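Report on one structure; see the data block that follows.
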Amino acid sequence: LEPAGRSCWDEPLRIAVRGLTPEQPVTLRTALSDEKAVLFRAHARYRADAGGELDLARAPALGGSFAGLEPMGLLWALEPDRPLWRLLKRDVQTPFVLELEVLDGHEPDGGRLLARAVHERHFLPPGVRRVPVRAGRVRATLFLPPEPGPYPGIIDLFGVGGGLLEYRASLLAGKGFAVMALAYYNYDDLPKGVDSMRMEYFEEAVNYLLSHPEVKGPGIGLLGISKGGELGLAMASFLKGITAAVIINGSVAAVGGTIYYKDESVPPVSILKDRIKMTKDGLMDIVDGLQSPLVEPKSFIPVERSDTTFLFLVGQDDHNWKSEFYANEASKRLQAHGKEKPQIICYAEAGHYIEPPYFPLCKAGMHLLVSANITFGGEPKAHAMAQVDVWQQLQAFFHTHLGCKS
């Protein structure tokens with residue numbers, strides 16, 4: 001394995017097998033146990049070359065969890081033993097431990113074990129500093145690059161799972177940003193639900209980050225996915241000090257609760273229960289289940305007030321809600337008010353949960369607001385390719401609009 005022994009989760013891993021017989025058929029297997037002891041597994045069948053070597057960068061998989069030339073397929077194709085289970089990293093201070101095995105022949109469970117390796121995939125890049133934040137009402141974790149700053153600052157927001165997820169912020173801090181993973185509900189002493197989102201809380205977080213001695217101004221960046229994307233749009237609309245925002249599969253309407261700022265409010269769009277469908281697998285498909293903010297304009301977040309530069313990243317097979325429609329409507333509204341046209345990048349066959357690279361696709365699972373298992377969409381390979389590109393795009397965007405370390 002290169003790098004040997006350990007690497008960061010978002011780094012590609014080079015996998016090669018040497019010492020096989022010429023043209024030997026083998027099966028490669030990976031296994032990883034998450035923090036709830038749920039096992040994720042993948043396998044692929046290969047054939048060694050004439051010299052008895054197998055390099056996944058050059059040899060196509062002949063079947064299994066994936067097929068074709070996929071050097072990282074043994075990671076992104078991991079599937080949980082427990083159905084409808086999403087791979088999450090809750091403690092970034094410990095790695096995921098990946099086990100790799102080489103088996104003789106093309107039977108994933110039958111062949112003789114030829115070789116085995118264990119590799120640690122880390123979420124805290126070397127030297128990155130993790131600083132828990134309890135300041136006023138703000139509940140967060142700040143990740144700072146190894147050297148003293150100041151660095152461009154970013155607030156990172158996740159979706160309706162609530163709590164405090166740090167893995168995207170910790171990885172991004174390894175790229176030269178001061179990134180604050182911000183909790184906003186269902187964590188510590190924060191509200192338990194999303195029925196009322198007060199922008200004053202987020203304003204406090206923006207001001208905290210802007211006043212931090214290792215954060216360079218004059219403004220900060222926002223990174224939000226799903227509900228975090230919706231809240232990111234609201235922050236950019238109501239608050240000052242936000243220079244650049246990346247919205248991944250976000251909504252341009254308030255959903256599931258009212259957004260408040262001072263004496264203003266944005267009520268949630270109606271839920272259209274009669275438009276919710278069931279898939280043949282018995283999952284809810286809720287993509288048509290929200291009223292359009294064009295029909296209920298009071299629910300449209302007033303993006304035209306924003307002077308933020310936006311990048312919308314869209315999975316075109318998102319079944320959580322109509323991310324592409326929302327991005328296009330936000331763009332139209334911004335331009336109609338003389339604002340800069342935002343960049344929108346669409347990914348065919350990518351689903352809702354676009355994560356850092358090499359996370360396996362979460363195609364379906366429990367949706368806390370719906371209290372049911374829903375389909376999130378996405379095709380594993382296309383989604384995996386989208387995640388790699390999204391990671392590059394958002395870093396380039398933030399470096400362009402926030403600058404590098406001063």
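Here, A, B, ... name the chains of the structure tokens in the order displayed, residue numbers run from 1 inside each chain, and ligands are numbered from 1 in the same displayed order.
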
Item to complete: For A:Ala384, please output as a PyMOL selection string all residues within 9 Å (counting only C-alpha atoms; exclusion window: fewer than 4 positions along the same chain).
Response: chain A and resi 73+76-77+350+354-355+357-361+379-380+388-389

Selection export as a PDB file, in the first residue's frame, atoms kept: C-alpha atoms:
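Here's the written file result32.pdb:
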ATOM      1  CA  GLY A  73     -13.275   0.946  -5.659  1.00  0.00           C
ATOM      2  CA  TRP A  76     -16.100   3.636  -2.195  1.00  0.00           C
ATOM      3  CA  ALA A  77     -17.945   0.363  -2.884  1.00  0.00           C
ATOM      4  CA  ALA A 350     -24.985  11.630  -7.876  1.00  0.00           C
ATOM      5  CA  ILE A 354     -22.205  14.114  -1.315  1.00  0.00           C
ATOM      6  CA  GLU A 355     -19.383  13.487   1.165  1.00  0.00           C
ATOM      7  CA  PRO A 357     -13.935  11.444  -1.320  1.00  0.00           C
ATOM      8  CA  TYR A 358     -14.162   7.660  -0.888  1.00  0.00           C
ATOM      9  CA  PHE A 359     -17.119   7.606   1.489  1.00  0.00           C
ATOM     10  CA  PRO A 360     -19.473   4.886   0.245  1.00  0.00           C
ATOM     11  CA  LEU A 361     -22.797   6.035  -1.184  1.00  0.00           C
ATOM     12  CA  GLU A 379     -25.402   5.404  -8.424  1.00  0.00           C
ATOM     13  CA  PRO A 380     -22.281   4.185  -6.556  1.00  0.00           C
ATOM     14  CA  VAL A 388     -13.734  13.436  -5.696  1.00  0.00           C
ATOM     15  CA  ASP A 389     -14.533  16.346  -8.019  1.00  0.00           C
TER      16      ASP A 389
END

Practice prompt. Do a neighbour search on A:Cys404 at 9 Å with only C-alpha atoms, toss out local chain neighbours closer than 5 positions, and write the hits as a list in words.
Written response: Tyr151, Pro152, Gly176, Phe177, Phe398 and His399 of chain A

Serialized selection, all heavy atoms, as a PDB file, in the first residue's frame:
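Okay, this is what ended up in again-v3.pdb:
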ATOM      1  N   TYR A 151      -5.527  32.235   8.731  1.00  0.00           N
ATOM      2  CA  TYR A 151      -5.995  31.451   7.595  1.00  0.00           C
ATOM      3  C   TYR A 151      -7.395  31.905   7.195  1.00  0.00           C
ATOM      4  O   TYR A 151      -8.119  32.472   8.012  1.00  0.00           O
ATOM      5  CB  TYR A 151      -6.092  29.961   7.986  1.00  0.00           C
ATOM      6  CG  TYR A 151      -4.756  29.325   8.250  1.00  0.00           C
ATOM      7  CD1 TYR A 151      -4.247  29.249   9.544  1.00  0.00           C
ATOM      8  CD2 TYR A 151      -4.004  28.806   7.203  1.00  0.00           C
ATOM      9  CE1 TYR A 151      -3.007  28.659   9.788  1.00  0.00           C
ATOM     10  CE2 TYR A 151      -2.769  28.209   7.446  1.00  0.00           C
ATOM     11  CZ  TYR A 151      -2.268  28.139   8.728  1.00  0.00           C
ATOM     12  OH  TYR A 151      -1.047  27.567   8.964  1.00  0.00           O
ATOM     13  N   PRO A 152      -7.811  31.621   5.945  1.00  0.00           N
ATOM     14  CA  PRO A 152      -9.203  31.855   5.582  1.00  0.00           C
ATOM     15  C   PRO A 152     -10.120  31.002   6.462  1.00  0.00           C
ATOM     16  O   PRO A 152      -9.832  29.829   6.681  1.00  0.00           O
ATOM     17  CB  PRO A 152      -9.296  31.409   4.120  1.00  0.00           C
ATOM     18  CG  PRO A 152      -7.907  31.147   3.659  1.00  0.00           C
ATOM     19  CD  PRO A 152      -7.032  31.015   4.854  1.00  0.00           C
ATOM     20  N   GLY A 176      -5.341  24.041   4.523  1.00  0.00           N
ATOM     21  CA  GLY A 176      -4.959  25.440   4.719  1.00  0.00           C
ATOM     22  C   GLY A 176      -6.097  26.375   5.100  1.00  0.00           C
ATOM     23  O   GLY A 176      -6.007  27.587   4.895  1.00  0.00           O
ATOM     24  N   PHE A 177      -7.182  25.830   5.656  1.00  0.00           N
ATOM     25  CA  PHE A 177      -8.302  26.657   6.106  1.00  0.00           C
ATOM     26  C   PHE A 177      -8.519  26.476   7.608  1.00  0.00           C
ATOM     27  O   PHE A 177      -8.256  25.400   8.147  1.00  0.00           O
ATOM     28  CB  PHE A 177      -9.599  26.256   5.389  1.00  0.00           C
ATOM     29  CG  PHE A 177      -9.542  26.373   3.889  1.00  0.00           C
ATOM     30  CD1 PHE A 177      -9.341  25.241   3.095  1.00  0.00           C
ATOM     31  CD2 PHE A 177      -9.689  27.604   3.262  1.00  0.00           C
ATOM     32  CE1 PHE A 177      -9.295  25.335   1.711  1.00  0.00           C
ATOM     33  CE2 PHE A 177      -9.640  27.711   1.877  1.00  0.00           C
ATOM     34  CZ  PHE A 177      -9.439  26.578   1.094  1.00  0.00           C
ATOM     35  N   PHE A 398     -12.877  28.177  -2.535  1.00  0.00           N
ATOM     36  CA  PHE A 398     -12.547  28.912  -1.308  1.00  0.00           C
ATOM     37  C   PHE A 398     -11.175  29.585  -1.411  1.00  0.00           C
ATOM     38  O   PHE A 398     -10.996  30.712  -0.938  1.00  0.00           O
ATOM     39  CB  PHE A 398     -12.618  27.996  -0.086  1.00  0.00           C
ATOM     40  CG  PHE A 398     -14.018  27.703   0.390  1.00  0.00           C
ATOM     41  CD1 PHE A 398     -14.401  26.400   0.692  1.00  0.00           C
ATOM     42  CD2 PHE A 398     -14.954  28.717   0.535  1.00  0.00           C
ATOM     43  CE1 PHE A 398     -15.691  26.126   1.142  1.00  0.00           C
ATOM     44  CE2 PHE A 398     -16.251  28.448   0.990  1.00  0.00           C
ATOM     45  CZ  PHE A 398     -16.622  27.152   1.287  1.00  0.00           C
ATOM     46  N   HIS A 399     -10.207  28.902  -1.998  1.00  0.00           N
ATOM     47  CA  HIS A 399      -8.892  29.544  -2.166  1.00  0.00           C
ATOM     48  C   HIS A 399      -8.999  30.782  -3.058  1.00  0.00           C
ATOM     49  O   HIS A 399      -8.375  31.812  -2.798  1.00  0.00           O
ATOM     50  CB  HIS A 399      -7.869  28.558  -2.730  1.00  0.00           C
ATOM     51  CG  HIS A 399      -7.260  27.660  -1.684  1.00  0.00           C
ATOM     52  ND1 HIS A 399      -6.662  28.139  -0.529  1.00  0.00           N
ATOM     53  CD2 HIS A 399      -7.175  26.307  -1.611  1.00  0.00           C
ATOM     54  CE1 HIS A 399      -6.224  27.125   0.203  1.00  0.00           C
ATOM     55  NE2 HIS A 399      -6.528  26.007  -0.420  1.00  0.00           N
TER      56      HIS A 399
END

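Each of A:Pro191, A:Ala205, A:Leu84, A:Asp55 was compared to A:Ala135 using only C-alpha atoms, and A:Ala205 turns out to be the nearest.
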
Worksheet entry | Top pick for closest residue to A:Ala59, considering A:Leu231, A:Val266, A:Leu88, A:Val26 and counting only C-alpha atoms |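 Ranked by minimum distance to A:Ala59, first place goes to A:Val26.
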
Practice prompt. Find the residue from A:Ile247, A:Cys362, A:Ile276, A:Ile286 that sits nearest to A:Glu324; use only C-alpha atoms when measuring.
Written response: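 Answer, going by the shortest atom-to-atom distance: A:Ile247.
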
Discussion item. When you look at stretch 325-342 of chain A with a cut-off of 6 Å (counting only C-alpha atoms), what residues show up, excluding the ones that are within fewer than 6 positions of it in the same chain? I need them as a PyMOL selection string.
Written reply: chain A and resi 251-252+304+310-311

Worksheet entry | Selection near stretch 183-189 of chain A, 12 Å with only C-alpha atoms, sequence-local residues under 6 positions removed, as an MDAnalysis selection string | chainID A and resid 132:134 136:142 155:166 195:205 224 227:228 231:232 368

Convert the current residue selection to file output with C-alpha atoms, as a short mmCIF file (atom, residue, chain, number, x, y, z; two decimals), in the first residue's frame.
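Output file out35.cif follows:
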data_model
loop_
_atom_site.label_atom_id
_atom_site.label_comp_id
_atom_site.auth_asym_id
_atom_site.auth_seq_id
_atom_site.Cartn_x
_atom_site.Cartn_y
_atom_site.Cartn_z
CA PRO A 132 -13.61 22.65 21.14
CA VAL A 133 -15.66 25.88 21.15
CA ARG A 134 -18.16 26.95 23.83
CA GLY A 136 -21.66 32.44 24.35
CA ARG A 137 -24.29 30.21 22.78
CA VAL A 138 -21.96 28.81 20.11
CA ARG A 139 -21.30 25.06 20.25
CA ALA A 140 -18.68 24.02 17.74
CA THR A 141 -15.22 22.61 17.08
CA LEU A 142 -12.56 24.69 15.37
CA ILE A 155 -18.12 27.53 8.88
CA ASP A 156 -19.15 23.93 8.10
CA LEU A 157 -22.81 22.87 8.46
CA PHE A 158 -24.37 19.42 8.15
CA GLY A 159 -28.01 18.37 7.70
CA VAL A 160 -30.94 17.11 9.75
CA GLY A 161 -29.02 14.43 11.62
CA GLY A 162 -28.15 17.16 14.13
CA GLY A 163 -25.32 16.86 16.59
CA LEU A 164 -21.77 17.89 15.78
CA LEU A 165 -20.05 16.21 12.85
CA GLU A 166 -16.39 17.14 12.48
CA ASP A 195 -38.93 23.92 13.99
CA SER A 196 -37.41 27.35 14.65
CA MET A 197 -33.99 28.39 13.38
CA ARG A 198 -32.79 31.73 14.71
CA MET A 199 -30.17 33.46 12.60
CA GLU A 200 -28.85 35.31 15.68
CA TYR A 201 -27.20 32.04 16.76
CA PHE A 202 -25.43 31.73 13.41
CA GLU A 203 -24.51 35.43 13.53
CA GLU A 204 -22.78 34.79 16.85
CA ALA A 205 -20.81 31.96 15.21
CA GLY A 224 -23.34 23.54 3.91
CA LYS A 227 -30.39 21.39 5.71
CA GLY A 228 -26.95 22.97 6.25
CA LEU A 231 -29.21 27.45 6.50
CA GLY A 232 -26.09 28.59 4.62
CA LEU A 368 -35.39 12.20 10.89
#

Practice prompt. Return as a PyMOL selection string the full set of residues in stretch 36-268 of chain A whose backbone-based DSSP assignment is strand (DSSP E or B).
Written response: chain A and resi 39-47+54-55+61+64+68+79-80+96-104+113-122+129-135+138-144+151-157+178-182+196-198+215-225+242-248+253+258-261+264-266

Worksheet item: Any idea what's packed within 7 Å of stretch 60-71 of chain A, counting only C-alpha atoms, ignoring anything in its chain fewer than 6 positions away? Could you give it as a count of residues only?
Response: 6

Worksheet item: Can you tell me, as JSON, numbers by chain, what residues are no more than 12 Å from A:Glu2 when counting only C-alpha atoms, ignoring any on the same chain fewer than 4 positions away?
Response: {"A": [6, 7, 8, 11, 12, 13, 14, 15, 16, 17, 55, 56, 57, 71, 117, 119, 120]}

Worksheet entry | Counting only C-alpha atoms, the residue of A:Val131, A:Thr27, A:Leu144, A:Leu394 that sits nearest A:Leu113 | A:Thr27
